[in-house]
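Chemist: Below are the structure tokens for one structure; questions will follow.
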Amino acid sequence: MKLLFTPPLRTDAAQWKARLDELKLGYSIVLAENDEAVKAELPDTDAVFGWVSPDCLPFAKRLRWLQSPQAGPTRGFYYGELVAHPVVVCNPRGVYNDHIAQHIMMYVLALSRGLPAYLEAQRHSRWERDAPSTRYVDLSQASALIVGVGGIGQETSLRCQAFGMTVHGIDERWEYETPGLLRHNAGELREVAAEVDFVIATVPQTPATEGLFNREVFTAMRSDAFFINIGRGATTLLTDLSAAIADGEIAGCALDVFETEPLSSEHTLWTMDNVILTPHVAVAGAENIDERWFEVLKENAKRFAASEPLMNVVNKAMWY
């Protein structure tokens, strides 16, 4: 069997190859530096770690397993020909769950206590006890709607509940046990958003979620509620979000992902009150992510070699 690593190669690709070789699973592992090398190697390749472009896919005569290095790739990864191809695609979902849930809780705690306003007062050396324009949110009496209750959403639910919060969830594919979470269907988004203190978006970018969080959703939310997005930037229309905050339709937001990255320095969100922006860094500094990625690849390599069901299989038409 041949396992092909496609470009751009990880900086530690050679080390990963060596570790897989030590397992003696029966793979011939090849590291392709460019598309020409990919095209030359693909005809007798059984498995790929990376991505196969539309130009290269016609060369994939034997390809049966593709391990994506991205849990939630953006538009273009799952193109029509790849969706129609018999190859099974798997992703590394699960490797980020705890780290991103912690980042979300940082947002929840900061917004609940008006931290952006206190930090602004600090920058100007002002002793300003009444700096926040938003209310104090007692988390033991608060509620949240998590849209996208996969691994990250499930971890976030548990952390919110640990503070005593009531947690609602919406998901198209319930893969996890969700103790204590109140389940809803996608058609109830605006209805439930109207009831909660926090709307937390953890959904991947899919044909169904692009632009999901728009003016209609923000208008439905309470004027003292907050919006958090840590899923994918394309799910949220920033023009609508900015307008909703400016018009007092919601109290503020916290974002780690954006429609276009980096966010333009001219964007109004940078200077708005009650807004927290972090530059797509929810897992930055987490030292165990690379090892978790490798463990997913290793486990699926073992399963593929043994003709066993693979883990983290993707519905290609849904992109996740």
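Just remember, in the structure tokens the first chain shown is A, the second B, etc., residues are 1-based per chain, and ligands are 1-based in the order shown.
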Determine, using only C-alpha atoms, which residues of range 76-159 of chain A have any atom at most 10 Å from an atom of range 45-68 of chain A, and tabulate each with its shortest atom pair and distance in Å to one decimal place, rows ordered by chain and then rising number, as CSV.
Modeler:
```
residue,atom,partner,partner_atom,distance
A:Gly76,CA,A:Ser53,CA,9.3
A:Phe77,CA,A:Trp51,CA,7.6
A:Tyr78,CA,A:Trp51,CA,9.6
A:Tyr79,CA,A:Pro54,CA,7.6
A:Gly80,CA,A:Pro54,CA,9.0
A:Glu81,CA,A:Pro54,CA,7.2
A:Leu82,CA,A:Leu57,CA,7.5
A:His85,CA,A:Leu57,CA,8.8
A:Pro86,CA,A:Arg64,CA,6.8
A:Val87,CA,A:Arg64,CA,4.3
A:Val88,CA,A:Trp65,CA,4.8
A:Val89,CA,A:Leu66,CA,4.7
A:Cys90,CA,A:Gln67,CA,4.9
A:Asn91,CA,A:Ser68,CA,4.9
A:Pro92,CA,A:Ser68,CA,7.1
A:Arg93,CA,A:Ser68,CA,9.9
```
Chemist: Keeping only all heavy atoms, write the selected residues to a file as a tab-separated table (two decimals), in the first residue's frame.
Modeler:
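again_38.tsv was written with the following content:
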```
chain	number	residue	atom	x	y	z
A	76	GLY	N	-14.21	25.00	-1.12
A	76	GLY	CA	-13.26	24.57	-2.14
A	76	GLY	C	-12.60	23.25	-1.84
A	76	GLY	O	-12.15	22.55	-2.76
A	77	PHE	N	-12.52	22.88	-0.56
A	77	PHE	CA	-11.89	21.61	-0.22
A	77	PHE	C	-12.74	20.45	-0.75
A	77	PHE	O	-12.22	19.53	-1.39
A	77	PHE	CB	-11.73	21.50	1.30
A	77	PHE	CG	-10.92	20.30	1.74
A	77	PHE	CD1	-9.57	20.44	2.04
A	77	PHE	CD2	-11.50	19.05	1.88
A	77	PHE	CE1	-8.82	19.34	2.44
A	77	PHE	CE2	-10.75	17.94	2.27
A	77	PHE	CZ	-9.41	18.09	2.55
A	78	TYR	N	-14.05	20.51	-0.50
A	78	TYR	CA	-14.95	19.44	-0.95
A	78	TYR	C	-15.63	19.86	-2.27
A	78	TYR	O	-16.78	20.25	-2.28
A	78	TYR	CB	-16.00	19.14	0.12
A	78	TYR	CG	-15.40	18.53	1.36
A	78	TYR	CD1	-15.29	19.26	2.54
A	78	TYR	CD2	-14.92	17.22	1.36
A	78	TYR	CE1	-14.74	18.70	3.68
A	78	TYR	CE2	-14.35	16.66	2.49
A	78	TYR	CZ	-14.27	17.41	3.65
A	78	TYR	OH	-13.71	16.85	4.77
A	79	TYR	N	-14.88	19.81	-3.35
A	79	TYR	CA	-15.42	20.16	-4.65
A	79	TYR	C	-16.20	18.98	-5.22
A	79	TYR	O	-16.14	17.84	-4.70
A	79	TYR	CB	-14.30	20.59	-5.60
A	79	TYR	CG	-13.16	19.61	-5.71
A	79	TYR	CD1	-13.15	18.62	-6.70
A	79	TYR	CD2	-12.09	19.67	-4.82
A	79	TYR	CE1	-12.10	17.73	-6.81
A	79	TYR	CE2	-11.04	18.77	-4.92
A	79	TYR	CZ	-11.05	17.80	-5.91
A	79	TYR	OH	-10.01	16.91	-6.01
A	80	GLY	N	-16.98	19.23	-6.25
A	80	GLY	CA	-17.92	18.24	-6.75
A	80	GLY	C	-17.32	16.90	-7.10
A	80	GLY	O	-17.87	15.85	-6.77
A	81	GLU	N	-16.18	16.92	-7.78
A	81	GLU	CA	-15.56	15.66	-8.21
A	81	GLU	C	-15.08	14.84	-7.01
A	81	GLU	O	-15.15	13.61	-7.03
A	81	GLU	CB	-14.39	15.94	-9.15
A	81	GLU	CG	-14.78	16.55	-10.49
A	81	GLU	CD	-14.90	18.08	-10.42
A	81	GLU	OE1	-14.83	18.64	-9.30
A	81	GLU	OE2	-15.06	18.70	-11.48
A	82	LEU	N	-14.61	15.53	-5.97
A	82	LEU	CA	-14.16	14.82	-4.77
A	82	LEU	C	-15.34	14.21	-4.02
A	82	LEU	O	-15.27	13.09	-3.53
A	82	LEU	CB	-13.38	15.76	-3.85
A	82	LEU	CG	-12.81	15.12	-2.57
A	82	LEU	CD1	-11.80	14.02	-2.92
A	82	LEU	CD2	-12.16	16.18	-1.69
A	85	HIS	N	-16.32	11.14	-5.88
A	85	HIS	CA	-15.29	10.09	-5.89
A	85	HIS	C	-15.55	9.09	-4.76
A	85	HIS	O	-16.01	9.47	-3.69
A	85	HIS	CB	-13.91	10.74	-5.73
A	85	HIS	CG	-12.76	9.86	-6.07
A	85	HIS	ND1	-12.30	8.87	-5.22
A	85	HIS	CD2	-11.97	9.80	-7.17
A	85	HIS	CE1	-11.27	8.27	-5.77
A	85	HIS	NE2	-11.04	8.81	-6.96
A	86	PRO	N	-15.24	7.81	-4.97
A	86	PRO	CA	-15.50	6.82	-3.91
A	86	PRO	C	-14.58	6.91	-2.70
A	86	PRO	O	-14.81	6.23	-1.69
A	86	PRO	CB	-15.30	5.48	-4.64
A	86	PRO	CG	-14.44	5.80	-5.82
A	86	PRO	CD	-14.82	7.19	-6.23
A	87	VAL	N	-13.57	7.76	-2.74
A	87	VAL	CA	-12.64	7.86	-1.62
A	87	VAL	C	-13.38	8.25	-0.33
A	87	VAL	O	-14.27	9.09	-0.34
A	87	VAL	CB	-11.52	8.89	-1.92
A	87	VAL	CG1	-12.07	10.30	-2.10
A	87	VAL	CG2	-10.45	8.86	-0.82
A	88	VAL	N	-12.98	7.62	0.76
A	88	VAL	CA	-13.51	7.96	2.09
A	88	VAL	C	-12.62	9.05	2.68
A	88	VAL	O	-11.39	8.88	2.76
A	88	VAL	CB	-13.52	6.73	3.01
A	88	VAL	CG1	-13.95	7.13	4.43
A	88	VAL	CG2	-14.46	5.66	2.46
A	89	VAL	N	-13.23	10.15	3.09
A	89	VAL	CA	-12.49	11.26	3.68
A	89	VAL	C	-12.71	11.25	5.19
A	89	VAL	O	-13.84	11.09	5.67
A	89	VAL	CB	-12.93	12.61	3.09
A	89	VAL	CG1	-12.18	13.76	3.77
A	89	VAL	CG2	-12.68	12.64	1.58
A	90	CYS	N	-11.63	11.41	5.93
A	90	CYS	CA	-11.69	11.52	7.39
A	90	CYS	C	-11.02	12.82	7.82
A	90	CYS	O	-10.18	13.36	7.09
A	90	CYS	CB	-10.96	10.35	8.05
A	90	CYS	SG	-11.60	8.73	7.57
A	91	ASN	N	-11.42	13.33	8.97
A	91	ASN	CA	-10.81	14.57	9.46
A	91	ASN	C	-10.31	14.37	10.90
A	91	ASN	O	-10.56	13.32	11.50
A	91	ASN	CB	-11.78	15.75	9.33
A	91	ASN	CG	-12.98	15.63	10.25
A	91	ASN	OD1	-12.98	14.91	11.25
A	91	ASN	ND2	-14.04	16.35	9.92
A	92	PRO	N	-9.62	15.36	11.45
A	92	PRO	CA	-9.08	15.21	12.80
A	92	PRO	C	-9.98	15.82	13.88
A	92	PRO	O	-9.48	16.31	14.89
A	92	PRO	CB	-7.75	15.95	12.71
A	92	PRO	CG	-8.04	17.08	11.78
A	92	PRO	CD	-9.04	16.54	10.78
A	93	ARG	N	-11.30	15.82	13.66
A	93	ARG	CA	-12.16	16.45	14.66
A	93	ARG	C	-11.96	15.79	16.02
A	93	ARG	O	-11.75	14.59	16.13
A	93	ARG	CB	-13.63	16.39	14.24
A	93	ARG	CG	-14.26	15.03	14.08
A	93	ARG	CD	-15.69	15.20	13.57
A	93	ARG	NE	-16.40	13.93	13.38
A	93	ARG	CZ	-16.40	13.21	12.26
A	93	ARG	NH1	-15.68	13.63	11.23
A	93	ARG	NH2	-17.09	12.09	12.17
```
Chemist: Excluding Val30 in chain A and residues on its chain fewer than 4 positions from it, collect all residues at most 10 Å away from it, counting only C-alpha atoms, and give them as an mmCIF file with N, CA and C atoms, in the first residue's frame.
Modeler:
```
data_model
loop_
_atom_site.group_PDB
_atom_site.id
_atom_site.type_symbol
_atom_site.label_atom_id
_atom_site.label_comp_id
_atom_site.auth_asym_id
_atom_site.auth_seq_id
_atom_site.Cartn_x
_atom_site.Cartn_y
_atom_site.Cartn_z
ATOM 1 N N LYS A 2 0.360 2.273 -0.668
ATOM 2 C CA LYS A 2 1.101 3.532 -0.670
ATOM 3 C C LYS A 2 0.286 4.607 0.049
ATOM 4 N N LEU A 3 0.952 5.330 0.953
ATOM 5 C CA LEU A 3 0.391 6.490 1.644
ATOM 6 C C LEU A 3 1.164 7.713 1.186
ATOM 7 N N LEU A 4 0.460 8.664 0.590
ATOM 8 C CA LEU A 4 1.090 9.849 0.011
ATOM 9 C C LEU A 4 0.767 11.081 0.834
ATOM 10 N N PHE A 5 1.787 11.813 1.268
ATOM 11 C CA PHE A 5 1.619 13.117 1.901
ATOM 12 C C PHE A 5 1.664 14.164 0.798
ATOM 13 N N THR A 6 0.618 14.982 0.692
ATOM 14 C CA THR A 6 0.569 15.988 -0.367
ATOM 15 C C THR A 6 0.950 17.373 0.173
ATOM 16 N N ALA A 14 8.646 14.514 7.735
ATOM 17 C CA ALA A 14 9.650 13.443 7.702
ATOM 18 C C ALA A 14 9.642 12.653 9.009
ATOM 19 N N LYS A 17 6.604 10.434 8.991
ATOM 20 C CA LYS A 17 6.870 9.280 8.120
ATOM 21 C C LYS A 17 7.708 8.234 8.868
ATOM 22 N N ALA A 37 4.762 16.121 -8.511
ATOM 23 C CA ALA A 37 5.095 14.895 -7.795
ATOM 24 C C ALA A 37 3.829 14.154 -7.381
ATOM 25 N N VAL A 38 2.804 14.906 -7.006
ATOM 26 C CA VAL A 38 1.531 14.286 -6.640
ATOM 27 C C VAL A 38 0.962 13.518 -7.832
ATOM 28 N N GLU A 41 2.779 10.293 -8.446
ATOM 29 C CA GLU A 41 2.637 9.256 -7.421
ATOM 30 C C GLU A 41 1.205 8.733 -7.273
ATOM 31 N N THR A 45 -1.461 5.127 -5.619
ATOM 32 C CA THR A 45 -1.608 5.530 -4.219
ATOM 33 C C THR A 45 -2.948 5.042 -3.666
ATOM 34 N N VAL A 48 -4.072 9.093 1.156
ATOM 35 C CA VAL A 48 -3.444 10.411 1.118
ATOM 36 C C VAL A 48 -3.627 11.089 2.469
#
```
Chemist: With the cut-off set at 12 Å and counting only C-alpha atoms, tabulate each residue of range 195-296 of chain A with an atom at most that distance from an atom of range 156-169 of chain A, showing the nearest atom pair and its distance in Å to one decimal, ordered by chain and increasing number, as CSV.
Modeler:
```
residue,atom,partner,partner_atom,distance
A:Glu195,CA,A:His168,CA,10.0
A:Val196,CA,A:His168,CA,8.6
A:Asp197,CA,A:Met165,CA,9.8
A:Phe198,CA,A:Val167,CA,9.5
A:Val199,CA,A:His168,CA,9.4
A:Ile200,CA,A:Thr156,CA,9.2
A:Ala201,CA,A:Gly169,CA,10.2
A:Thr202,CA,A:Thr156,CA,9.5
A:Val203,CA,A:Gly169,CA,11.3
A:Ile230,CA,A:Thr156,CA,11.3
```
Chemist: Please save C-alpha atoms of the selected residues as a short mmCIF file (atom, residue, chain, number, x, y, z; two decimals), in the first residue's frame.
Modeler:
```
data_model
loop_
_atom_site.label_atom_id
_atom_site.label_comp_id
_atom_site.auth_asym_id
_atom_site.auth_seq_id
_atom_site.Cartn_x
_atom_site.Cartn_y
_atom_site.Cartn_z
CA GLU A 195 -34.45 33.53 24.90
CA VAL A 196 -30.78 33.24 25.86
CA ASP A 197 -27.97 35.41 27.21
CA PHE A 198 -25.31 34.03 24.86
CA VAL A 199 -25.50 32.64 21.32
CA ILE A 200 -22.33 30.63 20.72
CA ALA A 201 -21.47 29.55 17.16
CA THR A 202 -19.18 26.54 16.81
CA VAL A 203 -20.51 25.25 13.47
CA ILE A 230 -15.36 30.54 17.20
#
```
Chemist: Residues of range 54-188 of chain A classed as strand (DSSP E) by DSSP on the backbone are to be reported as a list in words.
Modeler: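 Restricting range 54-188 of chain A to strand (DSSP E) produces Trp65, Leu66, Gln67, Val88, Val89, Cys90, Ser143, Ala144, Leu145, Ile146, Val147, Thr166, Val167, His168, Gly169, Ile170, Leu182, Arg183 and His184 of chain A.
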Chemist: Sorted by chain and rising residue number, which residues of range 127-217 of chain A lie within 7 Å of range 231-248 of chain A, and what are their closest atom pairs and distances in Å to one decimal, counting only C-alpha atoms, as a tab-separated table?
Modeler:
```
residue	atom	partner	partner_atom	distance
A:Ala201	CA	A:Gly231	CA	5.9
A:Thr202	CA	A:Gly231	CA	4.0
A:Val203	CA	A:Gly231	CA	5.1
A:Pro204	CA	A:Gly231	CA	5.6
A:Gln205	CA	A:Arg232	CA	5.7
A:Thr209	CA	A:Thr235	CA	5.5
A:Glu210	CA	A:Thr235	CA	4.4
A:Gly211	CA	A:Thr235	CA	4.6
A:Leu212	CA	A:Thr235	CA	5.3
A:Phe213	CA	A:Thr236	CA	4.7
A:Asn214	CA	A:Leu237	CA	5.5
A:Arg215	CA	A:Asp240	CA	5.0
```
Chemist: Would you write out those residues with N, CA and C atoms, as a compact mmCIF listing (two decimals), in the first residue's frame?
Modeler:
```
# COMPACT_ATOMS: atom_id res chain seq x y z
N ALA A 201 -21.56 30.25 18.44
CA ALA A 201 -21.47 29.55 17.16
C ALA A 201 -20.18 28.74 17.10
N THR A 202 -20.33 27.42 16.97
CA THR A 202 -19.18 26.54 16.81
C THR A 202 -19.32 25.69 15.55
N VAL A 203 -20.25 26.06 14.67
CA VAL A 203 -20.51 25.25 13.47
C VAL A 203 -19.37 25.37 12.46
N PRO A 204 -19.11 24.31 11.70
CA PRO A 204 -18.16 24.41 10.59
C PRO A 204 -18.78 25.17 9.43
N GLN A 205 -17.95 25.54 8.47
CA GLN A 205 -18.44 26.15 7.24
C GLN A 205 -18.93 25.05 6.31
N THR A 209 -24.40 26.47 6.37
CA THR A 209 -24.09 27.41 7.45
C THR A 209 -23.47 28.73 6.98
N GLU A 210 -23.12 28.84 5.71
CA GLU A 210 -22.56 30.10 5.23
C GLU A 210 -23.60 31.22 5.37
N GLY A 211 -23.25 32.26 6.09
CA GLY A 211 -24.16 33.38 6.30
C GLY A 211 -25.32 33.07 7.23
N LEU A 212 -25.19 32.00 8.00
CA LEU A 212 -26.29 31.59 8.90
C LEU A 212 -26.61 32.66 9.93
N PHE A 213 -25.57 33.29 10.45
CA PHE A 213 -25.77 34.31 11.48
C PHE A 213 -25.80 35.68 10.80
N ASN A 214 -27.01 36.15 10.64
CA ASN A 214 -27.26 37.37 9.88
C ASN A 214 -28.18 38.30 10.65
N ARG A 215 -28.62 39.36 9.99
CA ARG A 215 -29.42 40.37 10.69
C ARG A 215 -30.70 39.77 11.28
```
Chemist: So that I can check the surroundings of Ser223 in chain A, please list as a list of chain:residue names every protein, DNA and RNA residue that reaches within 7 Å of it, counting only C-alpha atoms and ignoring chain neighbours fewer than 4 positions away.
Modeler: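 Result of the neighbour search: A:Gly248, A:Glu249, A:Ile250, A:Ala251.
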Chemist: Grab the residues selected above and save them as a PDB file, in the first residue's frame with N, CA, C and O atoms.
Modeler:
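Written file, out.pdb:
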```
ATOM      1  N   GLY A 248     -28.039  48.674  18.851  1.00  0.00           N
ATOM      2  CA  GLY A 248     -28.509  48.221  20.146  1.00  0.00           C
ATOM      3  C   GLY A 248     -29.372  46.976  20.105  1.00  0.00           C
ATOM      4  O   GLY A 248     -30.064  46.662  21.083  1.00  0.00           O
ATOM      5  N   GLU A 249     -29.318  46.239  18.990  1.00  0.00           N
ATOM      6  CA  GLU A 249     -30.124  45.022  18.891  1.00  0.00           C
ATOM      7  C   GLU A 249     -29.524  43.886  19.718  1.00  0.00           C
ATOM      8  O   GLU A 249     -30.252  42.995  20.179  1.00  0.00           O
ATOM      9  N   ILE A 250     -28.206  43.876  19.883  1.00  0.00           N
ATOM     10  CA  ILE A 250     -27.541  42.965  20.814  1.00  0.00           C
ATOM     11  C   ILE A 250     -26.514  43.784  21.597  1.00  0.00           C
ATOM     12  O   ILE A 250     -26.145  44.899  21.199  1.00  0.00           O
ATOM     13  N   ALA A 251     -26.022  43.207  22.715  1.00  0.00           N
ATOM     14  CA  ALA A 251     -25.163  43.989  23.616  1.00  0.00           C
ATOM     15  C   ALA A 251     -23.702  44.001  23.188  1.00  0.00           C
ATOM     16  O   ALA A 251     -22.966  44.933  23.524  1.00  0.00           O
TER      17      ALA A 251
END
```
Chemist: Between A:Gly151, A:Pro43, A:Pro179, A:Gly114, which residue has the minimum interatomic distance to Phe226 in chain A, considering only C-alpha atoms?
Modeler: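 Among the listed residues, A:Gly114 lies closest to Phe226 in chain A.
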Chemist: For a quick check of understanding, using only C-alpha atoms, which of A:Glu172, A:Asp273, A:Asp290, A:Glu308 has the smallest distance to Pro132 in chain A?
Modeler: A:Asp273
Chemist: For Ile289 in chain A, work out the shell of residues within 8 Å, counting only C-alpha atoms and skipping chain neighbours fewer than 3 positions away, then give it as a PyMOL selection string.
Modeler: chain A and resi 95-96+286+292-293
Chemist: Counting only C-alpha atoms, which of A:Val283, A:Ala225, A:Glu120, A:Asp138 gets nearest to Ile152 in chain A?
Modeler: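 Comparing A:Val283, A:Ala225, A:Glu120, A:Asp138 against Ile152 in chain A, the winner is A:Val283.
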Chemist: Enumerate, in order of chain and increasing residue number, the residues of range 214-292 of chain A with an atom no farther than 12 Å from range 107-112 of chain A, each with its shortest atom pair and distance in Å to one decimal, counting only C-alpha atoms, as CSV.
Modeler:
```
residue,atom,partner,partner_atom,distance
A:Asp224,CA,A:Ser112,CA,10.5
A:Ala225,CA,A:Ser112,CA,9.7
A:Phe226,CA,A:Leu111,CA,7.6
A:Phe227,CA,A:Val108,CA,9.6
A:Ile228,CA,A:Tyr107,CA,7.6
A:Asn229,CA,A:Tyr107,CA,9.9
A:Ile230,CA,A:Tyr107,CA,10.1
A:Ala251,CA,A:Leu111,CA,9.3
A:Gly252,CA,A:Leu111,CA,8.0
A:Cys253,CA,A:Leu111,CA,8.0
A:Ala254,CA,A:Tyr107,CA,6.3
A:Leu255,CA,A:Tyr107,CA,8.7
A:Asp256,CA,A:Tyr107,CA,9.9
A:Asp273,CA,A:Leu111,CA,11.0
A:Asn274,CA,A:Leu111,CA,7.3
A:Val275,CA,A:Leu111,CA,8.4
A:Ile276,CA,A:Tyr107,CA,7.6
A:Leu277,CA,A:Tyr107,CA,9.6
A:Thr278,CA,A:Tyr107,CA,10.1
A:Ala282,CA,A:Tyr107,CA,10.9
```
